[in-house]
Amino acid sequence: VNLFVKDGRAAVHLVHLGEVRELPPGNTIVLEYREGQWQRRIAPLEVEGVLLALKQPPAEPGLPLMPGILYNRLFN
C-alpha cells in the first residue's frame with residue numbers, strides 16, 4: 001500500500017490489485033504499530049502535505065467484535 005496525493009486529496013495505491021482509490025476524509029481508519037501493539041490512529045494523517053481527517057471512534061463503545069477473516073491475514 002502506498003499513500004500519495006491525487007488531485008489535491010489523499011489516495012492509496014493498492015499494489016497487489018493495481019488500483020488507485022481516494023481515501024474518504026472522515027471515513028478512513030488507520031492502524032499504527034506503536035509500543036509493541038497495533039493501535040488506532042485518531043489524529044489526522046499527513047500525506048505529502050495534505051491532511052486526511054480520520055474516522056473517530058464512537059463515543060459509546062459498541063458490541064465487541066470477534067476477529068474475522070481479515071484478522072489472520074493482517075496480524076498473523
# chains A, B, ... in the order shown; residues from 1 in each chain; ligands from 1
call {"tool": "residues_around", "arguments": {"residues": "Lys6 of chain A", "least_positions_apart": "6", "cutoff": "12 Å", "atoms": "only C-alpha atoms", "output": "PyMOL selection string"}}
result
chain A and resi 12-13+20-23+47-50
call {"tool": "write_last_selection", "arguments": {"atoms": "N, CA, C and O atoms", "output": "PDB file, in the first residue's frame"}}
result
ATOM      1  N   VAL A  12      -4.739   6.129  -2.000  1.00  0.00           N
ATOM      2  CA  VAL A  12      -3.958   4.936  -1.698  1.00  0.00           C
ATOM      3  C   VAL A  12      -3.818   4.126  -2.982  1.00  0.00           C
ATOM      4  O   VAL A  12      -4.747   4.007  -3.764  1.00  0.00           O
ATOM      5  N   HIS A  13      -2.619   3.600  -3.205  1.00  0.00           N
ATOM      6  CA  HIS A  13      -2.382   2.700  -4.334  1.00  0.00           C
ATOM      7  C   HIS A  13      -2.295   1.300  -3.770  1.00  0.00           C
ATOM      8  O   HIS A  13      -1.395   0.998  -2.981  1.00  0.00           O
ATOM      9  N   VAL A  20      -6.003   2.433  -7.787  1.00  0.00           N
ATOM     10  CA  VAL A  20      -5.794   3.677  -7.052  1.00  0.00           C
ATOM     11  C   VAL A  20      -7.150   4.122  -6.542  1.00  0.00           C
ATOM     12  O   VAL A  20      -8.103   4.249  -7.313  1.00  0.00           O
ATOM     13  N   ARG A  21      -7.240   4.333  -5.239  1.00  0.00           N
ATOM     14  CA  ARG A  21      -8.514   4.759  -4.642  1.00  0.00           C
ATOM     15  C   ARG A  21      -8.283   5.972  -3.765  1.00  0.00           C
ATOM     16  O   ARG A  21      -7.309   6.038  -3.022  1.00  0.00           O
ATOM     17  N   GLU A  22      -9.201   6.913  -3.844  1.00  0.00           N
ATOM     18  CA  GLU A  22      -9.156   8.090  -2.977  1.00  0.00           C
ATOM     19  C   GLU A  22      -9.603   7.671  -1.578  1.00  0.00           C
ATOM     20  O   GLU A  22     -10.503   6.846  -1.426  1.00  0.00           O
ATOM     21  N   LEU A  23      -8.945   8.215  -0.561  1.00  0.00           N
ATOM     22  CA  LEU A  23      -9.326   7.918   0.817  1.00  0.00           C
ATOM     23  C   LEU A  23     -10.387   8.920   1.248  1.00  0.00           C
ATOM     24  O   LEU A  23     -10.148  10.124   1.229  1.00  0.00           O
ATOM     25  N   VAL A  47      -0.259  13.391   4.378  1.00  0.00           N
ATOM     26  CA  VAL A  47       0.231  12.697   3.187  1.00  0.00           C
ATOM     27  C   VAL A  47       0.702  13.757   2.207  1.00  0.00           C
ATOM     28  O   VAL A  47      -0.101  14.507   1.667  1.00  0.00           O
ATOM     29  N   GLU A  48       2.016  13.865   2.008  1.00  0.00           N
ATOM     30  CA  GLU A  48       2.600  14.838   1.088  1.00  0.00           C
ATOM     31  C   GLU A  48       2.054  16.248   1.333  1.00  0.00           C
ATOM     32  O   GLU A  48       1.709  16.959   0.406  1.00  0.00           O
ATOM     33  N   GLY A  49       1.934  16.631   2.598  1.00  0.00           N
ATOM     34  CA  GLY A  49       1.485  17.973   2.952  1.00  0.00           C
ATOM     35  C   GLY A  49      -0.024  18.150   3.002  1.00  0.00           C
ATOM     36  O   GLY A  49      -0.520  19.217   3.332  1.00  0.00           O
ATOM     37  N   VAL A  50      -0.782  17.124   2.663  1.00  0.00           N
ATOM     38  CA  VAL A  50      -2.246  17.178   2.709  1.00  0.00           C
ATOM     39  C   VAL A  50      -2.711  16.409   3.939  1.00  0.00           C
ATOM     40  O   VAL A  50      -2.300  15.275   4.161  1.00  0.00           O
TER      41      VAL A  50
END
call {"tool": "select_by_dssp", "arguments": {"residues": "chain A", "states": "strand (DSSP E or B)", "output": "PDB file with N, CA, C and O atoms, in the first residue's frame"}}
result
ATOM      1  N   ASN A   2       0.638   2.151  -0.902  1.00  0.00           N
ATOM      2  CA  ASN A   2       1.364   3.417  -0.966  1.00  0.00           C
ATOM      3  C   ASN A   2       0.367   4.560  -0.860  1.00  0.00           C
ATOM      4  O   ASN A   2      -0.620   4.591  -1.582  1.00  0.00           O
ATOM      5  N   LEU A   3       0.650   5.507   0.054  1.00  0.00           N
ATOM      6  CA  LEU A   3      -0.190   6.691   0.178  1.00  0.00           C
ATOM      7  C   LEU A   3       0.427   7.815  -0.631  1.00  0.00           C
ATOM      8  O   LEU A   3       1.633   7.995  -0.648  1.00  0.00           O
ATOM      9  N   PHE A   4      -0.421   8.610  -1.310  1.00  0.00           N
ATOM     10  CA  PHE A   4       0.057   9.744  -2.083  1.00  0.00           C
ATOM     11  C   PHE A   4      -1.093  10.725  -2.280  1.00  0.00           C
ATOM     12  O   PHE A   4      -2.213  10.484  -1.836  1.00  0.00           O
ATOM     13  N   VAL A   5      -0.815  11.854  -2.927  1.00  0.00           N
ATOM     14  CA  VAL A   5      -1.841  12.861  -3.185  1.00  0.00           C
ATOM     15  C   VAL A   5      -2.229  12.789  -4.655  1.00  0.00           C
ATOM     16  O   VAL A   5      -1.380  12.758  -5.540  1.00  0.00           O
ATOM     17  N   LYS A   6      -3.532  12.742  -4.903  1.00  0.00           N
ATOM     18  CA  LYS A   6      -4.076  12.718  -6.260  1.00  0.00           C
ATOM     19  C   LYS A   6      -5.157  13.785  -6.340  1.00  0.00           C
ATOM     20  O   LYS A   6      -6.110  13.766  -5.559  1.00  0.00           O
ATOM     21  N   ARG A   9      -6.112  15.440  -3.078  1.00  0.00           N
ATOM     22  CA  ARG A   9      -6.692  14.642  -1.996  1.00  0.00           C
ATOM     23  C   ARG A   9      -5.824  13.419  -1.759  1.00  0.00           C
ATOM     24  O   ARG A   9      -5.163  12.918  -2.649  1.00  0.00           O
ATOM     25  N   ALA A  10      -5.849  12.937  -0.523  1.00  0.00           N
ATOM     26  CA  ALA A  10      -5.075  11.749  -0.180  1.00  0.00           C
ATOM     27  C   ALA A  10      -5.668  10.535  -0.892  1.00  0.00           C
ATOM     28  O   ALA A  10      -6.885  10.382  -0.986  1.00  0.00           O
ATOM     29  N   ALA A  11      -4.789   9.671  -1.397  1.00  0.00           N
ATOM     30  CA  ALA A  11      -5.218   8.471  -2.104  1.00  0.00           C
ATOM     31  C   ALA A  11      -4.304   7.323  -1.696  1.00  0.00           C
ATOM     32  O   ALA A  11      -3.244   7.523  -1.123  1.00  0.00           O
ATOM     33  N   VAL A  12      -4.739   6.129  -2.000  1.00  0.00           N
ATOM     34  CA  VAL A  12      -3.958   4.936  -1.698  1.00  0.00           C
ATOM     35  C   VAL A  12      -3.818   4.126  -2.982  1.00  0.00           C
ATOM     36  O   VAL A  12      -4.747   4.007  -3.764  1.00  0.00           O
ATOM     37  N   HIS A  13      -2.619   3.600  -3.205  1.00  0.00           N
ATOM     38  CA  HIS A  13      -2.382   2.700  -4.334  1.00  0.00           C
ATOM     39  C   HIS A  13      -2.295   1.300  -3.770  1.00  0.00           C
ATOM     40  O   HIS A  13      -1.395   0.998  -2.981  1.00  0.00           O
ATOM     41  N   LEU A  14      -3.245   0.470  -4.128  1.00  0.00           N
ATOM     42  CA  LEU A  14      -3.276  -0.911  -3.658  1.00  0.00           C
ATOM     43  C   LEU A  14      -2.388  -1.726  -4.584  1.00  0.00           C
ATOM     44  O   LEU A  14      -2.797  -2.116  -5.671  1.00  0.00           O
ATOM     45  N   GLU A  19      -4.868  -0.980  -8.174  1.00  0.00           N
ATOM     46  CA  GLU A  19      -5.907   0.049  -8.169  1.00  0.00           C
ATOM     47  C   GLU A  19      -5.427   1.297  -7.438  1.00  0.00           C
ATOM     48  O   GLU A  19      -4.568   1.237  -6.576  1.00  0.00           O
ATOM     49  N   VAL A  20      -6.003   2.433  -7.787  1.00  0.00           N
ATOM     50  CA  VAL A  20      -5.794   3.677  -7.052  1.00  0.00           C
ATOM     51  C   VAL A  20      -7.150   4.122  -6.542  1.00  0.00           C
ATOM     52  O   VAL A  20      -8.103   4.249  -7.313  1.00  0.00           O
ATOM     53  N   ARG A  21      -7.240   4.333  -5.239  1.00  0.00           N
ATOM     54  CA  ARG A  21      -8.514   4.759  -4.642  1.00  0.00           C
ATOM     55  C   ARG A  21      -8.283   5.972  -3.765  1.00  0.00           C
ATOM     56  O   ARG A  21      -7.309   6.038  -3.022  1.00  0.00           O
ATOM     57  N   GLU A  22      -9.201   6.913  -3.844  1.00  0.00           N
ATOM     58  CA  GLU A  22      -9.156   8.090  -2.977  1.00  0.00           C
ATOM     59  C   GLU A  22      -9.603   7.671  -1.578  1.00  0.00           C
ATOM     60  O   GLU A  22     -10.503   6.846  -1.426  1.00  0.00           O
ATOM     61  N   VAL A  30      -6.940   4.101  10.255  1.00  0.00           N
ATOM     62  CA  VAL A  30      -5.530   3.761  10.109  1.00  0.00           C
ATOM     63  C   VAL A  30      -5.062   3.086  11.394  1.00  0.00           C
ATOM     64  O   VAL A  30      -5.317   3.583  12.495  1.00  0.00           O
ATOM     65  N   LEU A  31      -4.383   1.943  11.249  1.00  0.00           N
ATOM     66  CA  LEU A  31      -3.772   1.259  12.380  1.00  0.00           C
ATOM     67  C   LEU A  31      -2.275   1.483  12.307  1.00  0.00           C
ATOM     68  O   LEU A  31      -1.672   1.363  11.243  1.00  0.00           O
ATOM     69  N   GLU A  32      -1.668   1.799  13.462  1.00  0.00           N
ATOM     70  CA  GLU A  32      -0.227   2.005  13.557  1.00  0.00           C
ATOM     71  C   GLU A  32       0.338   1.035  14.586  1.00  0.00           C
ATOM     72  O   GLU A  32      -0.310   0.744  15.591  1.00  0.00           O
ATOM     73  N   TYR A  33       1.551   0.583  14.332  1.00  0.00           N
ATOM     74  CA  TYR A  33       2.222  -0.298  15.277  1.00  0.00           C
ATOM     75  C   TYR A  33       3.064   0.563  16.211  1.00  0.00           C
ATOM     76  O   TYR A  33       4.053   1.151  15.805  1.00  0.00           O
ATOM     77  N   ARG A  34       2.601   0.707  17.450  1.00  0.00           N
ATOM     78  CA  ARG A  34       3.283   1.546  18.442  1.00  0.00           C
ATOM     79  C   ARG A  34       3.377   0.777  19.749  1.00  0.00           C
ATOM     80  O   ARG A  34       2.436   0.108  20.157  1.00  0.00           O
ATOM     81  N   GLN A  37       2.305  -2.905  19.900  1.00  0.00           N
ATOM     82  CA  GLN A  37       0.963  -3.367  19.584  1.00  0.00           C
ATOM     83  C   GLN A  37       0.334  -2.475  18.525  1.00  0.00           C
ATOM     84  O   GLN A  37       0.767  -1.352  18.299  1.00  0.00           O
ATOM     85  N   TRP A  38      -0.704  -2.995  17.863  1.00  0.00           N
ATOM     86  CA  TRP A  38      -1.438  -2.216  16.874  1.00  0.00           C
ATOM     87  C   TRP A  38      -2.409  -1.300  17.586  1.00  0.00           C
ATOM     88  O   TRP A  38      -3.142  -1.739  18.472  1.00  0.00           O
ATOM     89  N   GLN A  39      -2.390  -0.018  17.195  1.00  0.00           N
ATOM     90  CA  GLN A  39      -3.283   0.972  17.803  1.00  0.00           C
ATOM     91  C   GLN A  39      -3.930   1.803  16.711  1.00  0.00           C
ATOM     92  O   GLN A  39      -3.310   2.102  15.690  1.00  0.00           O
ATOM     93  N   ARG A  40      -5.150   2.181  16.956  1.00  0.00           N
ATOM     94  CA  ARG A  40      -5.878   3.016  16.005  1.00  0.00           C
ATOM     95  C   ARG A  40      -5.385   4.453  16.111  1.00  0.00           C
ATOM     96  O   ARG A  40      -5.267   5.001  17.206  1.00  0.00           O
ATOM     97  N   ARG A  41      -5.089   5.061  14.967  1.00  0.00           N
ATOM     98  CA  ARG A  41      -4.677   6.465  14.940  1.00  0.00           C
ATOM     99  C   ARG A  41      -5.931   7.320  14.865  1.00  0.00           C
ATOM    100  O   ARG A  41      -6.824   7.061  14.061  1.00  0.00           O
ATOM    101  N   LEU A  45      -3.865  12.375   9.456  1.00  0.00           N
ATOM    102  CA  LEU A  45      -2.681  11.798   8.828  1.00  0.00           C
ATOM    103  C   LEU A  45      -2.214  12.750   7.725  1.00  0.00           C
ATOM    104  O   LEU A  45      -3.017  13.161   6.887  1.00  0.00           O
ATOM    105  N   GLU A  46      -0.921  13.107   7.750  1.00  0.00           N
ATOM    106  CA  GLU A  46      -0.392  13.984   6.710  1.00  0.00           C
ATOM    107  C   GLU A  46       0.213  13.141   5.591  1.00  0.00           C
ATOM    108  O   GLU A  46       1.052  12.283   5.824  1.00  0.00           O
ATOM    109  N   VAL A  47      -0.259  13.391   4.378  1.00  0.00           N
ATOM    110  CA  VAL A  47       0.231  12.697   3.187  1.00  0.00           C
ATOM    111  C   VAL A  47       0.702  13.757   2.207  1.00  0.00           C
ATOM    112  O   VAL A  47      -0.101  14.507   1.667  1.00  0.00           O
ATOM    113  N   VAL A  50      -0.782  17.124   2.663  1.00  0.00           N
ATOM    114  CA  VAL A  50      -2.246  17.178   2.709  1.00  0.00           C
ATOM    115  C   VAL A  50      -2.711  16.409   3.939  1.00  0.00           C
ATOM    116  O   VAL A  50      -2.300  15.275   4.161  1.00  0.00           O
ATOM    117  N   LEU A  51      -3.564  17.046   4.762  1.00  0.00           N
ATOM    118  CA  LEU A  51      -4.077  16.379   5.958  1.00  0.00           C
ATOM    119  C   LEU A  51      -5.333  15.582   5.621  1.00  0.00           C
ATOM    120  O   LEU A  51      -6.238  16.080   4.965  1.00  0.00           O
ATOM    121  N   LEU A  52      -5.357  14.348   6.087  1.00  0.00           N
ATOM    122  CA  LEU A  52      -6.517  13.482   5.910  1.00  0.00           C
ATOM    123  C   LEU A  52      -7.153  13.277   7.275  1.00  0.00           C
ATOM    124  O   LEU A  52      -6.534  12.708   8.177  1.00  0.00           O
TER     125      LEU A  52
END
call {"tool": "atom_distance", "arguments": {"atom1": "atom CA of Ile42 of chain A", "atom2": "atom CA of Pro58 of chain A"}}
result
11.3 Å
call {"tool": "select_by_dssp", "arguments": {"residues": "chain A", "states": "helix (DSSP H, G or I)", "output": "VMD selection string"}}
result
chain A and resid 69 to 75
call {"tool": "closest_residue", "arguments": {"among": "A:Val1, A:Glu60, A:Ala53, A:Thr28", "to": "Val15 of chain A", "atoms": "only C-alpha atoms"}}
result
A:Val1
call {"tool": "atom_distance", "arguments": {"atom1": "atom CA of Phe75 of chain A", "atom2": "atom CA of Gly26 of chain A"}}
result
24.6 Å
call {"tool": "closest_residue", "arguments": {"among": "A:Arg73, A:Gly62, A:Lys55, A:Gly68", "to": "Pro24 of chain A", "atoms": "only C-alpha atoms"}}
result
A:Lys55
